[in-house]
>>> print(open('my_file.csv').read())   # CSV, C-alpha atoms
chain,number,residue,atom,x,y,z
I,912,ILE,CA,-22.0,-1.7,11.3
I,913,ASP,CA,-21.1,-5.0,9.9
I,914,PHE,CA,-18.2,-4.5,7.4
I,915,GLY,CA,-19.0,-6.9,4.6
I,916,TYR,CA,-16.9,-7.7,1.5
I,917,TYR,CA,-17.8,-5.0,-0.9
I,918,TRP,CA,-16.4,-1.6,0.3
I,919,ASP,CA,-13.5,-0.1,2.2
I,920,PRO,CA,-14.1,-0.2,5.9
I,921,VAL,CA,-10.9,1.9,6.6
I,922,TRP,CA,-12.4,4.8,4.6
I,923,ARG,CA,-15.7,4.5,6.4
I,924,LEU,CA,-14.1,4.4,9.9
I,925,LYS,CA,-11.9,7.5,9.1
I,926,ARG,CA,-15.0,9.3,7.8
I,927,SER,CA,-16.8,8.5,11.1
I,928,GLY,CA,-14.0,9.9,13.2
I,929,ALA,CA,-11.7,7.0,14.0
I,930,THR,CA,-7.9,7.4,13.9
I,931,ILE,CA,-6.5,4.8,11.5
I,932,GLY,CA,-2.8,4.3,10.7
I,933,LYS,CA,-1.1,3.0,7.6
I,934,HIS,CA,-1.4,-0.5,6.2
I,935,VAL,CA,-4.4,-1.5,8.4
I,936,PHE,CA,-6.5,-4.5,7.3
I,937,ILE,CA,-10.0,-5.1,8.4
I,938,GLY,CA,-11.4,-8.5,7.7
I,939,SER,CA,-14.9,-9.4,6.5
I,940,HIS,CA,-17.9,-9.1,8.7
I,941,THR,CA,-16.0,-7.0,11.4
I,942,TYR,CA,-18.4,-5.0,13.6
I,943,ILE,CA,-17.3,-1.6,14.9
I,944,GLU,CA,-19.7,1.0,16.4
I,945,LEU,CA,-19.5,3.8,13.9
I,946,GLU,CA,-21.6,6.1,16.1
I,947,HIS,CA,-18.6,6.1,18.6
I,948,ALA,CA,-15.8,5.7,16.1
I,949,LYS,CA,-14.0,8.8,17.4
I,950,LEU,CA,-13.0,6.7,20.4
I,951,LEU,CA,-11.1,4.2,18.2
I,952,THR,CA,-7.5,4.3,17.2
I,953,LEU,CA,-5.9,1.6,15.0
I,954,GLN,CA,-2.2,2.2,14.7
I,955,ASP,CA,0.0,1.3,11.7
I,956,GLU,CA,0.0,-2.3,10.5
I,957,VAL,CA,-3.0,-3.5,12.6
I,958,VAL,CA,-4.9,-6.6,11.4
I,959,LEU,CA,-8.5,-7.2,12.5
I,960,SER,CA,-9.4,-10.7,11.3
I,961,ALA,CA,-12.9,-11.7,10.1
I,962,HIS,CA,-15.8,-11.4,12.5
I,963,THR,CA,-13.9,-9.2,15.0
I,964,LYS,CA,-16.2,-7.0,17.2
I,965,ILE,CA,-15.0,-3.7,18.8
I,966,ILE,CA,-17.5,-2.3,21.3
I,967,LEU,CA,-16.8,1.3,22.4
I,968,HIS,CA,-19.4,1.5,25.2
I,969,ASP,CA,-20.5,-0.5,28.2
I,970,SER,CA,-24.2,-0.5,29.1
I,971,SER,CA,-24.1,-3.5,31.4
I,972,LEU,CA,-24.6,-1.4,34.6
I,973,GLN,CA,-27.4,0.6,33.0
I,974,ASN,CA,-29.2,-2.6,32.2
I,975,VAL,CA,-29.1,-4.0,35.8
I,976,ALA,CA,-28.6,-0.9,38.1
I,977,GLY,CA,-29.8,2.1,36.1
I,978,LYS,CA,-26.3,3.6,36.0
I,979,GLU,CA,-25.0,5.7,33.1
I,980,VAL,CA,-23.6,4.1,29.9
I,981,LEU,CA,-19.8,4.2,30.0
I,982,TYR,CA,-17.7,5.1,26.9
I,983,GLY,CA,-14.0,4.8,26.6
I,984,PRO,CA,-11.2,4.8,24.0
I,985,VAL,CA,-9.9,1.7,22.4
I,986,VAL,CA,-6.4,1.8,21.1
I,987,ILE,CA,-5.0,-1.1,19.1
I,988,LYS,CA,-1.2,-0.7,19.0
I,989,LYS,CA,1.2,-0.9,16.0
I,990,GLY,CA,1.5,-4.3,14.5
I,991,ALA,CA,-1.2,-6.0,16.5
I,992,TYR,CA,-3.0,-9.0,15.1
I,993,ILE,CA,-6.5,-9.6,16.4
I,994,GLY,CA,-7.7,-13.1,15.6
I,995,ALA,CA,-10.9,-14.1,14.1
I,996,ASN,CA,-14.1,-13.9,16.2
I,997,THR,CA,-12.4,-11.7,18.9
I,998,THR,CA,-14.6,-9.3,20.9
I,999,ILE,CA,-12.9,-6.2,22.3
I,1000,LEU,CA,-14.8,-4.2,24.9
>>> encode(input="my_file.csv", output="structure tokens")
Amino acid sequence: IDFGYYWDPVWRLKRSGATIGKHVFIGSHTYIELEHAKLLTLQDEVVLSAHTKIILHDSSLQNVAGKEVLYGPVVIKKGAYIGANTTIL
């Protein structure tokens, strides 16, 4: 889902199963896969700048070799600053 300007993305991520610390900021138009949110941990004082993308699966081998889709946890550590337009796989 693309987190726009008008509602609280931290609340939505927590509701979807993500582990979110204190004082987390999520910039506008950040994309995080809510259907796999339980794989995401944002520790205290994390900043995700505008247009950040966090992808919690890898389907590249499925697309070219018929392999299974891979899923894995993403943990952003305390105090991390993720710059604008960053993609985390």
>>> closest_residue(input="my_file.csv", among="I:Leu924, I:Ala948, I:Leu959, I:Ile931", to="Pro984 of chain I", atoms="all atoms listed in the file")
I:Ala948
>>> atom_distance(input="my_file.csv", atom1="atom CA of His968 of chain I", atom2="atom CA of Leu1000 of chain I")
7.3 Å
>>> residues_near_point(input="my_file.csv", point="(-16.7, -8.6, 12.7)", cutoff="12 Å", atoms="all atoms listed in the file", output="ChimeraX atom specification")
/I:912-916,920,937-944,959-966,993-999
>>> atom_distance(input="my_file.csv", atom1="atom CA of Leu972 of chain I", atom2="atom CA of Thr952 of chain I")
25.1 Å
>>> residues_around(input="my_file.csv", residues="Asp955 of chain I", least_positions_apart="2", cutoff="10 Å", atoms="all atoms listed in the file", output="list in words")
Ile931, Gly932, Lys933, His934, Val935, Phe936, Thr952, Leu953, Val957, Val958, Ile987, Lys988, Lys989, Gly990 and Ala991 of chain I
>>> atom_distance(input="my_file.csv", atom1="atom CA of Ser970 of chain I", atom2="atom CA of Gln954 of chain I")
26.4 Å
>>> closest_residue(input="my_file.csv", among="I:Tyr992, I:Val975, I:Gly983, I:Asp969", to="Glu956 of chain I", atoms="all atoms listed in the file")
I:Tyr992
>>> build_atoms(input="my_file.csv", residues="segment 984-995 of chain I", atoms="all heavy atoms", output="compact mmCIF listing (two decimals), keeping the file's coordinate frame")
# COMPACT_ATOMS: atom_id res chain seq x y z
N PRO I 984 -12.01 5.06 25.22
CA PRO I 984 -11.20 4.80 24.00
C PRO I 984 -10.70 3.41 23.93
O PRO I 984 -10.46 2.75 24.94
CB PRO I 984 -10.05 5.83 24.18
CG PRO I 984 -9.94 6.04 25.65
CD PRO I 984 -11.33 5.90 26.20
N VAL I 985 -10.56 2.95 22.69
CA VAL I 985 -9.90 1.70 22.40
C VAL I 985 -8.76 1.98 21.47
O VAL I 985 -8.95 2.58 20.41
CB VAL I 985 -10.90 0.67 21.75
CG1 VAL I 985 -10.16 -0.57 21.27
CG2 VAL I 985 -12.00 0.29 22.73
N VAL I 986 -7.55 1.57 21.89
CA VAL I 986 -6.40 1.80 21.10
C VAL I 986 -5.73 0.42 20.79
O VAL I 986 -5.37 -0.30 21.72
CB VAL I 986 -5.33 2.69 21.82
CG1 VAL I 986 -4.07 2.86 20.98
CG2 VAL I 986 -5.95 4.03 22.15
N ILE I 987 -5.64 0.10 19.51
CA ILE I 987 -5.00 -1.10 19.10
C ILE I 987 -3.59 -0.71 18.58
O ILE I 987 -3.47 0.06 17.63
CB ILE I 987 -5.76 -1.86 17.98
CG1 ILE I 987 -7.24 -2.05 18.37
CG2 ILE I 987 -5.09 -3.18 17.63
CD1 ILE I 987 -7.48 -2.92 19.57
N LYS I 988 -2.56 -1.20 19.23
CA LYS I 988 -1.20 -0.70 19.00
C LYS I 988 -0.58 -1.26 17.70
O LYS I 988 -1.03 -2.26 17.14
CB LYS I 988 -0.29 -1.14 20.17
CG LYS I 988 -0.67 -0.53 21.49
CD LYS I 988 -0.36 0.94 21.50
CE LYS I 988 -0.53 1.50 22.91
NZ LYS I 988 0.04 2.80 23.05
N LYS I 989 0.47 -0.59 17.28
CA LYS I 989 1.20 -0.90 16.00
C LYS I 989 1.52 -2.37 15.92
O LYS I 989 2.08 -2.96 16.85
CB LYS I 989 2.44 -0.05 15.93
CG LYS I 989 3.21 -0.29 14.66
CD LYS I 989 4.46 0.56 14.58
CE LYS I 989 5.18 0.25 13.27
NZ LYS I 989 6.37 1.07 13.10
N GLY I 990 1.18 -2.95 14.78
CA GLY I 990 1.50 -4.30 14.50
C GLY I 990 0.68 -5.39 15.15
O GLY I 990 0.95 -6.58 15.00
N ALA I 991 -0.38 -4.98 15.84
CA ALA I 991 -1.20 -6.00 16.50
C ALA I 991 -2.00 -6.81 15.53
O ALA I 991 -2.44 -6.33 14.49
CB ALA I 991 -2.20 -5.25 17.47
N TYR I 992 -2.15 -8.08 15.86
CA TYR I 992 -3.00 -9.00 15.10
C TYR I 992 -4.09 -9.48 15.96
O TYR I 992 -3.85 -10.13 17.00
CB TYR I 992 -2.11 -10.20 14.62
CG TYR I 992 -2.90 -11.19 13.80
CD1 TYR I 992 -2.97 -11.07 12.43
CD2 TYR I 992 -3.60 -12.23 14.42
CE1 TYR I 992 -3.71 -11.98 11.67
CE2 TYR I 992 -4.34 -13.13 13.67
CZ TYR I 992 -4.39 -12.99 12.31
OH TYR I 992 -5.13 -13.88 11.57
N ILE I 993 -5.32 -9.15 15.59
CA ILE I 993 -6.50 -9.60 16.40
C ILE I 993 -7.12 -10.73 15.61
O ILE I 993 -7.54 -10.60 14.46
CB ILE I 993 -7.50 -8.39 16.48
CG1 ILE I 993 -6.82 -7.12 17.02
CG2 ILE I 993 -8.69 -8.81 17.32
CD1 ILE I 993 -6.17 -7.26 18.37
N GLY I 994 -7.18 -11.87 16.26
CA GLY I 994 -7.70 -13.10 15.60
C GLY I 994 -9.14 -13.12 15.35
O GLY I 994 -9.91 -12.32 15.91
N ALA I 995 -9.55 -14.03 14.50
CA ALA I 995 -10.90 -14.10 14.10
C ALA I 995 -11.87 -14.35 15.29
O ALA I 995 -11.51 -15.01 16.27
CB ALA I 995 -11.10 -15.31 13.12
